[in-house]
Amino acid sequence: MNFFRGVMGGQPAGPQPTGAETIHKLCDRVASSTLLEDRRDAVRALKSLSKKYRLEVGTQAMDHLVHILQTDRYVCVCGFMIKSFILIPYENAQKQEEDLGVLFTDKFLGDSENVTLLLTLLEEFDFHVRWPGVKLLTALLKNQCNQVQGVILVSPMGVSRLMDLLADSREVIRNDGLLLLQQLTKGNAAIQKIVAFENAFERLLDIITEEGSSDGGIVVEDCLLLLVNLLKNNSSNQNFFKEGSYIQRMKPWFEVGDDNSGWSAQKVTNLHLMLQLVRVMVSPVNSPGATSSCQKSMYQCGLLQQLCTILMATGVPADILTETINTVSEVIRGSQINQDYFASVNAPSNPPRPAIVVLLMSMVNERQPFVLRCAVLYCFQCFLYKNQKGQGEIVATLLPSTIDANSISAGQLLCGGLFSADSLSNWCAAVALAHALQDNLTQKEQLLRVQLATSLGKPPVSLLQQCTNILSQGSKVQTRVGLLMLLCTWISNCPIAVTHFLHNQENVPFLTGQISENLGEDERLVQGLCALLLGICIYYNDNSLENYTKEKLKQLIEKRIGKENFVEKLGFVTKHELYSRAAQKPQPVFPSPEQMLFDHEFTKLVKELEGVITKAVHKTSEEEKKEEEVKKTLEQHDSIVIQYKDLIRDQDTQIQELREQVSTLSLNSEQMQNQITQQQSQIQQHKDQYNILKLKLGKDSQGLSSSHGEGAHVNGLHSEELSQLREEVEELRRQHTLQHTQLSDKDSLINTLVCLGGEVTSLYISLSLFPISQSSAPASSSESSADTVTVSELESRLAAQTTEAERLKEECRGLREGHAGLEQQLASAQSTVAIEQTEKTKLQQEVQESKKEQDDLLMLLADQDQKILNLKQRLRDLGETIDEDEDEIDARDQFGEDDDDDDEEEDEENND
């Protein structure tokens with residue numbers, strides 16, 4: 001014990017040993033001590049030294065401590081010991097210490113059985129064993145997550161043992177078990193699925209409810225983090241969560257009271273994670289079907305309504321309000337029923353205002369936080385996403401006939417933000433208005449009717465013209481980029497809008513001037529967008545303006561800009577560093593307002609138009625004419641090909657129906673063949689029974705009574721089988737009639753198919769006579785080859801269908817022959833049945849005659865016996881002596897006859 005006093009801080013005599021020597025001696029004591037207390041004291045001493053001599057203790061003692069875990073698992077300090085070697089410090093961690101922790105983790109994981117040993121230790125209920133094991137395994141996962149996950153995944157019941165920690169009645173183990181499962185489920189979809197199917201959702205939601213939901217402590221936060229791990233980017237778990245009706249259990253989380261003052265930091269964190277969990281279920285990166293299903297469930301259970309209540313509540317912290325807006329955005333994105341509900345939500349103001357109007361007021365208000373304005377823009381974009389009804393309602397608020405001077409509308413707020421002095425409001429309003437026009441030709445044309453009163457005494461100008469006027473005034477880059485994105489979205493795929501834009505004589509010179517100038521780095525994006533706008537004017541030009549036809553605009557580009565220079569400037573858009581960031585996801589997330597330049601939907605438009613605009617600019621007038629001629633020819637040709645394809649599609653349908661009918665008839669034929677085989681077998685059995693019956697009837701009269709009983713039995717059986725045979729014959733007749741009808745229908749379908757083949761042939765002849773080769777001779781070789789390939793494909797399909805029709809005819813012919821054979825077999829069976837019926841009738845007559853003769857004989861015998869008895873009685877009366885033996889013989893004869901009669905009666909009853 002003096003040794004341990006020296007180690008633990010006593011005053012030893014003589015020179016003090018070094019740290020390495022002390023650790024070496026302690027390791028020897030751990031390895032060689034036979035008493036449990038000695039080993040435990042040595043381990044505790046090593047634990048105290050590990051803080052100062054971490055490398056030395058870990059290097060020398062690791063193997064000894066692992067061995068103790070295998071043999072003396074109740075020396076629980078070992079668990080803390082190894083944890084101290086590998087656990088990375090939470091604060092002030094040095095790079096060297098971190099590397100040391102990874103080093104010891106690798107050493108411990110050198111043998112995968114060590115992890116299996118830890119999993120076994122977790123089954124122990126003893127707190128001093130289970131809790132250190134949880135801490136140690138958590139540290140291993142933090143340092144080498146993938147390696148530990150692989151071992152646990154292949155360990156039998158490995159995940160189940162860890163899930164049992166959530167059911168531990170000791171909160172410290174349950175809470176550390178949550179932290180362990182958080183590390184375990186990071187980035188491993190297989191483990192996430194196993195944990196989910198181990199009833200994790202039910203347990204976690206129960207814990208959240210028990211701990212007070214959003215008002216709970218850090219345990220609720222840990223549960224929510226684990227739920228996010230299980231559901232994020234895991235479609236299987238998301239579907240399981242939805243089908244398990246767990247979305248409905250999320251609604252009470254968002255029932256905030258009227259008094260929203262004094263939100264604790266933990267409540268803000270909890271609610272933020274709860275909103276994040278909702279967003280995981282309806283994220284745009286999920287599959288459309290899964291997202292749509294979750295959105296529907298959230299509306300049906302009232303979760304969306306509860307979120308909108310928070311949206312319009314007062315006193316909600318700014319970060320919670322922002323995240324709620326983002327959550328509502330993704331819950332309604334692309335869901336018509338949810339978008340309609342959101343449009344009906346009113347703010348609790350006097351008078352009530354639509355929630356959309358209230359949110360837009362925040363978006364165009366430069367005093368609101370930047371992240372809140374971005375969230376409102378995202379919400380407005382999601383409200384209009386694939387929502388033509390909502391797009392029409394927004395544009396309608398700008399039209400003269402629907403403007404209400406007594407109320408503020410969404411359109412008025414957008415116009416106000418579009419032309420305000422705040423460049424961020426300009427950009428947000430322009431992008432929001434562009435989303436009201438996205439993929440909606442009707443609203444693009446309707447927006448051309450909007451007129452704006454710029455100042456008193458001056459005539460109103462169109463919204464389109466006002467946008468170009470602001471562009472020409474040289475405003476901030478952010479404002480011009482927003483307006484150019486709006487104009488590009490507006491006039492793309494809308495020739496009428498292109499004509500309106502070109503009708504202003506100042507627009508084209510402004511664009512060419514902007515593109516041709518050599519401006520600074522900041523202006524390159526504006527030049528690229530101007531080139532895109534001019535290219536859209538070329539590509540979607542209907543040549544209705546004589547001065548700005550496609551050809552004249554291309555000549556203008558070639559003279560003032562140069563085609564190569566134009567294409568180079570057009571490429572500035574996609575090469576911009578912020579373009580790729582905006583193209584990644586729909587939500588507008590920007591580090592600062594100055595970087596708010598590109599919209600996600602606009603990046604899709606640029607990607608779609610860049611190539612076709614480049615191709616359109618390089619085309620010559622002759623190529624344009626040839627393309628127009630080819631286009632007209634192809635339109636005519638397409639109409640014929642469409643008819644041809646429709647006809648082939650109908651033939652495919654009819655051939656498929658014929659195949660199904662042939663398959664059905666073949667199956668019926670096989671069934672009938674089996675039935676006929678069974679009938680033949682039964683007929684043969686009836687013949688054998690008939691022969692046996694004839695043999696029995698041919699016996700002598702001594703066995704008449706027994707023969708009569710057996711004959712009745714055989715006759716009864718024969719009669720029953722004949723009845724069954726008659727029913728089966730009737731069933732064969734019905735099936736034969738049904739198959740005959742089906743064959744008739746099939747013949748009519750084949751005749752129809754032949755007629756359709758004639759029509760196809762005539763169409764093909766007309767198609768081959770159509771002067772495509774002449775009219776399309778100037779066209780490009782690639783387009784002509786495409787037409788030839790199309791016709792060749794149609795010819796091959798026609799030939800294949802003709803062959804298929806011939807094959808079906810052969811099958812029908814074979815079926816007819818088969819049915820003829822079946823009819824012959826049926827006739828043979830009917831004749832056999834008739835013969836059997838005749839034989840049966842004859843046999844019944846013979847049996848009746850035999851029975852009658854037997855009855856007569858019995859009556860005669862009875863009369864004779866009675867006469868004999870009478871004569872004997874008379875002899876006794878006359879005094880004659882009669883031998884008693886003769887009387888006994890007569891009595892026995894009489895009793896025997898009676899017994900025979902009784903036996904015959906019993907046989908008849910049994911036969912009946």
# chains A, B, ... in the order shown; residues from 1 in each chain; ligands from 1
>>> residues_around(residues="Ser112 of chain A", least_positions_apart="3", cutoff="12 Å", atoms="only C-alpha atoms", output="PyMOL selection string")
chain A and resi 105-109+115-119+147-155
>>> residues_around(residues="segment 397-401 of chain A", least_positions_apart="2", cutoff="12 Å", atoms="only C-alpha atoms", output="ChimeraX atom specification")
/A:357,390-395,403-405,407-416,433,436,443,445-453,460,462-463
>>> closest_residue(among="A:Ala827, A:Leu808, A:Leu798, A:Asp340", to="Arg733 of chain A", atoms="only C-alpha atoms")
A:Ala827
>>> residues_around(residues="Glu123 of chain A", least_positions_apart="2", cutoff="12 Å", atoms="only C-alpha atoms", output="JSON, numbers by chain")
{"A": [73, 116, 117, 118, 119, 120, 121, 125, 126, 127, 129, 130, 131, 133, 134, 157, 158, 160, 161, 162, 163, 164, 165, 168]}
>>> select_by_dssp(residues="segment 156-401 of chain A", states="strand (DSSP E)", output="JSON list (two decimals) with N, CA and C atoms, in the first residue's frame")
[["chain", "number", "residue", "atom", "x", "y", "z"],
["A", 346, "ASN", "N", -56.36, 35.31, -43.38],
["A", 346, "ASN", "CA", -56.37, 36.75, -43.13],
["A", 346, "ASN", "C", -55.63, 37.05, -41.83],
["A", 347, "ALA", "N", -54.98, 38.20, -41.83],
["A", 347, "ALA", "CA", -54.30, 38.65, -40.62],
["A", 347, "ALA", "C", -55.32, 39.23, -39.65],
["A", 353, "ARG", "N", -56.82, 41.83, -43.39],
["A", 353, "ARG", "CA", -56.09, 41.85, -44.64],
["A", 353, "ARG", "C", -55.57, 40.45, -44.95],
["A", 354, "PRO", "N", -55.49, 40.11, -46.22],
["A", 354, "PRO", "CA", -54.95, 38.80, -46.57],
["A", 354, "PRO", "C", -53.51, 38.65, -46.06]]
